[in-house]
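A.B. asks: First the structure, then my questions, so here it is.
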2 protein chains.
Amino acid sequence: MRSEKRKKLEAAGWRIGDASDFLELTPGEAEFVEIKLALARRLRELREEHEWTQAELARRVGSSQSRVAKMEAADPTVSVDLLLRSLLAAGADRHEVGRVVGARRR
Amino acid sequence: MRSEKRKKLEAAGWRIGDASDFLELTPGEAEFVEIKLALARRLRELREEHEWTQAELARRVGSSQSRVAKMEAADPTVSVDLLLRSLLAAGADRHEVGRVVGARRR
DNA sequence: TGTGAATATGTCGGCTATGACATACGTTAG
DNA sequence: CTAACGTATGTCATAGCCGACATATTCACA
């Protein structure tokens, strides 16, 4: 499996091979990336709990299978807005989203 | 003061006078708007606690005074991404953001 | 092995959120 | 009153996210 560090850097919009491999994120940037990762993980969990395909979730959200795949991968082109809307469409409520955002590593 | 109902509709991207005055939001849409409003409220609180002007916060976020004003007003053109980044730049951590997102009316 | 379903990845035109700027409004002090 | 400061509102060009689509990859099962 790919390293957590690498995953976070890619979620932050970086690509391996960039000179930025050695750059650090500010605390705020790091927190932002972790929040996105947590939302993405929970989205996949919820989808699987419902036994929906990505295409099925996409239909419910009004999006596409490829974008759902990118959401679950915390792709840098995916906004928190879309992750949030998708989580809510997948049945999460405010309280659960807050729990996901605030939780330390699962 | 403007009614809460109206504030939510405007945050959802609607304008008074629209025929959509009578439309309802789906539960997910309503939750989404409430989350945005909660984040916006907390951002203003944090800024005021620091005794920063909107311009000062804008400088720290890398944005502009007008956009900070729009954030705090939960303007429909501001993303949750930007609200999140701003909250983190204002000193909130993951846990606090989660608390804000998940909390019922303040 | 092959074959189909699910998921991942890459790309693209269109739309939207963005920072910047101008300017209006509100408040407080002189 | 006026001036200074903070905040609100409107507009604009551009960057970035969007759904959609094509295609590659992975997986399950026979």
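In the structure tokens, the first chain shown is A, the next is B, and so on; residue numbers restart at 1 for each chain, and ligands run from 1 in the order shown.
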Taking only residues of chain A that have an atom at most 9 Å from an atom of chain C, what is each one's shortest atom pair and its distance in Å to one decimal, using only C-alpha atoms (C1' of nucleotides), in chain and number order, as CSV?
C.D. replies:
residue,atom,partner,partner_atom,distance
A:Thr53,CA,C:DA6,C1',7.2
A:Gln54,CA,C:DT7,C1',7.9
A:Ala55,CA,C:DA6,C1',9.0
A:Gln65,CA,C:DT7,C1',8.7
A:Ser66,CA,C:DA8,C1',7.8
A:Ala69,CA,C:DA8,C1',6.9
A:Lys70,CA,C:DA8,C1',8.3
A.B. asks: Can you spit out the residues from that selection as an mmCIF file, in the first residue's frame, using N, CA and C atoms?
C.D. replies:
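Everything below was put into again.cif:
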data_model
loop_
_atom_site.group_PDB
_atom_site.id
_atom_site.type_symbol
_atom_site.label_atom_id
_atom_site.label_comp_id
_atom_site.auth_asym_id
_atom_site.auth_seq_id
_atom_site.Cartn_x
_atom_site.Cartn_y
_atom_site.Cartn_z
ATOM 1 N N THR A 53 -22.768 0.747 -5.673
ATOM 2 C CA THR A 53 -21.590 0.928 -6.524
ATOM 3 C C THR A 53 -21.300 2.423 -6.579
ATOM 4 N N GLN A 54 -20.134 2.761 -7.093
ATOM 5 C CA GLN A 54 -19.807 4.176 -7.249
ATOM 6 C C GLN A 54 -20.789 4.832 -8.200
ATOM 7 N N ALA A 55 -21.208 4.088 -9.196
ATOM 8 C CA ALA A 55 -22.161 4.616 -10.169
ATOM 9 C C ALA A 55 -23.502 4.914 -9.498
ATOM 10 N N GLN A 65 -19.514 8.412 -11.976
ATOM 11 C CA GLN A 65 -18.711 7.372 -11.328
ATOM 12 C C GLN A 65 -17.261 7.817 -11.148
ATOM 13 N N SER A 66 -16.716 8.442 -12.170
ATOM 14 C CA SER A 66 -15.309 8.819 -12.086
ATOM 15 C C SER A 66 -15.072 9.851 -10.985
ATOM 16 N N ALA A 69 -15.066 8.086 -7.672
ATOM 17 C CA ALA A 69 -13.770 7.431 -7.466
ATOM 18 C C ALA A 69 -12.735 8.449 -6.991
ATOM 19 N N LYS A 70 -12.762 9.638 -7.588
ATOM 20 C CA LYS A 70 -11.817 10.676 -7.194
ATOM 21 C C LYS A 70 -12.101 11.180 -5.794
#
A.B. asks: Quick one: which residues from chain B are at most 12 Å off chain A, using only C-alpha atoms, as a ChimeraX atom specification?
C.D. replies: /B:26-36,38-39,60-61,76-105
A.B. asks: For a quick check of understanding, using only C-alpha atoms (C1' of nucleotides), which of D:DC27, D:DC17, D:DC12, D:DC5 has the smallest distance to chain A?
C.D. replies: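 The shortest atom-to-atom distance to chain A comes from D:DC17.
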A.B. asks: How would you write, as a PDB file with C-alpha atoms, in the first residue's frame, the set of residues in region 8-57 of chain A that DSSP gives as helix (DSSP H, G or I)?
C.D. replies:
ATOM      1  CA  LYS A   8      -1.358  13.311   1.933  1.00  0.00           C
ATOM      2  CA  LEU A   9       1.018  15.101  -0.369  1.00  0.00           C
ATOM      3  CA  GLU A  10      -0.967  14.009  -3.388  1.00  0.00           C
ATOM      4  CA  ALA A  11      -4.214  15.053  -1.742  1.00  0.00           C
ATOM      5  CA  ALA A  19      10.778  19.260  -6.069  1.00  0.00           C
ATOM      6  CA  SER A  20       8.096  19.878  -3.446  1.00  0.00           C
ATOM      7  CA  ASP A  21       8.697  16.371  -2.127  1.00  0.00           C
ATOM      8  CA  PHE A  22      10.783  18.067   0.503  1.00  0.00           C
ATOM      9  CA  PRO A  27      -0.230  23.099  10.360  1.00  0.00           C
ATOM     10  CA  GLY A  28      -3.408  24.485   8.836  1.00  0.00           C
ATOM     11  CA  GLU A  29      -2.717  22.936   5.449  1.00  0.00           C
ATOM     12  CA  ALA A  30      -1.939  19.598   7.066  1.00  0.00           C
ATOM     13  CA  GLU A  31      -5.179  19.686   9.058  1.00  0.00           C
ATOM     14  CA  PHE A  32      -7.104  20.541   5.914  1.00  0.00           C
ATOM     15  CA  VAL A  33      -5.690  17.556   4.079  1.00  0.00           C
ATOM     16  CA  GLU A  34      -6.395  15.242   7.004  1.00  0.00           C
ATOM     17  CA  ILE A  35      -9.991  16.418   7.108  1.00  0.00           C
ATOM     18  CA  LYS A  36     -10.389  15.700   3.415  1.00  0.00           C
ATOM     19  CA  LEU A  37      -8.896  12.242   3.855  1.00  0.00           C
ATOM     20  CA  ALA A  38     -11.209  11.506   6.766  1.00  0.00           C
ATOM     21  CA  LEU A  39     -14.264  12.581   4.776  1.00  0.00           C
ATOM     22  CA  ALA A  40     -13.145  10.507   1.806  1.00  0.00           C
ATOM     23  CA  ARG A  41     -12.639   7.412   3.952  1.00  0.00           C
ATOM     24  CA  ARG A  42     -16.025   7.786   5.584  1.00  0.00           C
ATOM     25  CA  LEU A  43     -17.709   8.264   2.223  1.00  0.00           C
ATOM     26  CA  ARG A  44     -16.334   4.962   0.994  1.00  0.00           C
ATOM     27  CA  GLU A  45     -17.403   3.253   4.214  1.00  0.00           C
ATOM     28  CA  LEU A  46     -20.943   4.582   3.966  1.00  0.00           C
ATOM     29  CA  ARG A  47     -21.222   3.617   0.318  1.00  0.00           C
ATOM     30  CA  GLU A  48     -20.054   0.099   1.065  1.00  0.00           C
ATOM     31  CA  GLU A  49     -22.409  -0.175   4.027  1.00  0.00           C
ATOM     32  CA  HIS A  50     -25.259   0.601   1.653  1.00  0.00           C
ATOM     33  CA  GLN A  54     -19.807   4.176  -7.249  1.00  0.00           C
ATOM     34  CA  ALA A  55     -22.161   4.616 -10.169  1.00  0.00           C
ATOM     35  CA  GLU A  56     -25.158   4.233  -7.867  1.00  0.00           C
ATOM     36  CA  LEU A  57     -23.854   6.812  -5.421  1.00  0.00           C
TER      37      LEU A  57
END
A.B. asks: Set the cut-off to 12 Å and count only C-alpha atoms (C1' of nucleotides): what are the residues of chain D that reach chain B? Output as a ChimeraX atom specification.
C.D. replies: /D:5-10,17
A.B. asks: Deliver the residues from the most recent selection as a file, using N, CA and C atoms (P, O5', C5', C4', C3', O3' and C1' of nucleotides), as a compact mmCIF listing (two decimals), in the first residue's frame.
C.D. replies:
# COMPACT_ATOMS: atom_id res chain seq x y z
P DC D 5 -7.03 55.63 9.78
O5' DC D 5 -8.03 54.42 10.09
C5' DC D 5 -8.60 54.32 11.39
C4' DC D 5 -9.79 53.39 11.33
C3' DC D 5 -9.53 52.07 10.62
O3' DC D 5 -9.69 51.02 11.56
C1' DC D 5 -11.63 53.01 10.02
P DG D 6 -9.28 49.50 11.21
O5' DG D 6 -10.69 48.82 10.95
C5' DG D 6 -11.64 48.79 12.01
C4' DG D 6 -12.99 48.40 11.46
C3' DG D 6 -13.03 47.07 10.69
O3' DG D 6 -13.98 46.22 11.30
C1' DG D 6 -14.11 48.77 9.48
P DT D 7 -14.18 44.71 10.82
O5' DT D 7 -15.42 44.83 9.83
C5' DT D 7 -16.64 45.39 10.33
C4' DT D 7 -17.60 45.61 9.19
C3' DT D 7 -17.88 44.38 8.32
O3' DT D 7 -19.27 44.09 8.41
C1' DT D 7 -17.52 46.32 7.00
P DA D 8 -19.89 42.85 7.62
O5' DA D 8 -20.45 43.55 6.30
C5' DA D 8 -21.55 44.46 6.43
C4' DA D 8 -22.01 44.93 5.06
C3' DA D 8 -22.40 43.82 4.08
O3' DA D 8 -23.65 44.17 3.50
C1' DA D 8 -20.79 45.26 3.08
P DT D 9 -24.45 43.14 2.58
O5' DT D 9 -24.08 43.63 1.10
C5' DT D 9 -24.24 45.00 0.79
C4' DT D 9 -23.79 45.26 -0.63
C3' DT D 9 -24.05 44.11 -1.62
O3' DT D 9 -24.60 44.69 -2.79
C1' DT D 9 -21.83 44.82 -1.79
P DG D 10 -25.41 43.77 -3.84
O5' DG D 10 -24.69 44.10 -5.22
C5' DG D 10 -24.36 45.45 -5.51
C4' DG D 10 -23.29 45.52 -6.59
C3' DG D 10 -23.35 44.40 -7.63
O3' DG D 10 -23.34 44.98 -8.93
C1' DG D 10 -21.15 44.59 -6.75
P DC D 17 -9.51 22.91 -7.38
O5' DC D 17 -11.00 22.44 -7.62
C5' DC D 17 -12.06 23.19 -7.05
C4' DC D 17 -13.34 22.83 -7.76
C3' DC D 17 -13.64 21.34 -7.80
O3' DC D 17 -14.96 21.12 -7.30
C1' DC D 17 -13.75 22.28 -9.99
A.B. asks: Just how far from CA of Arg67 (chain A) is C1' of DA22 (chain D), in Å to one decimal?
C.D. replies: 14.2 Å
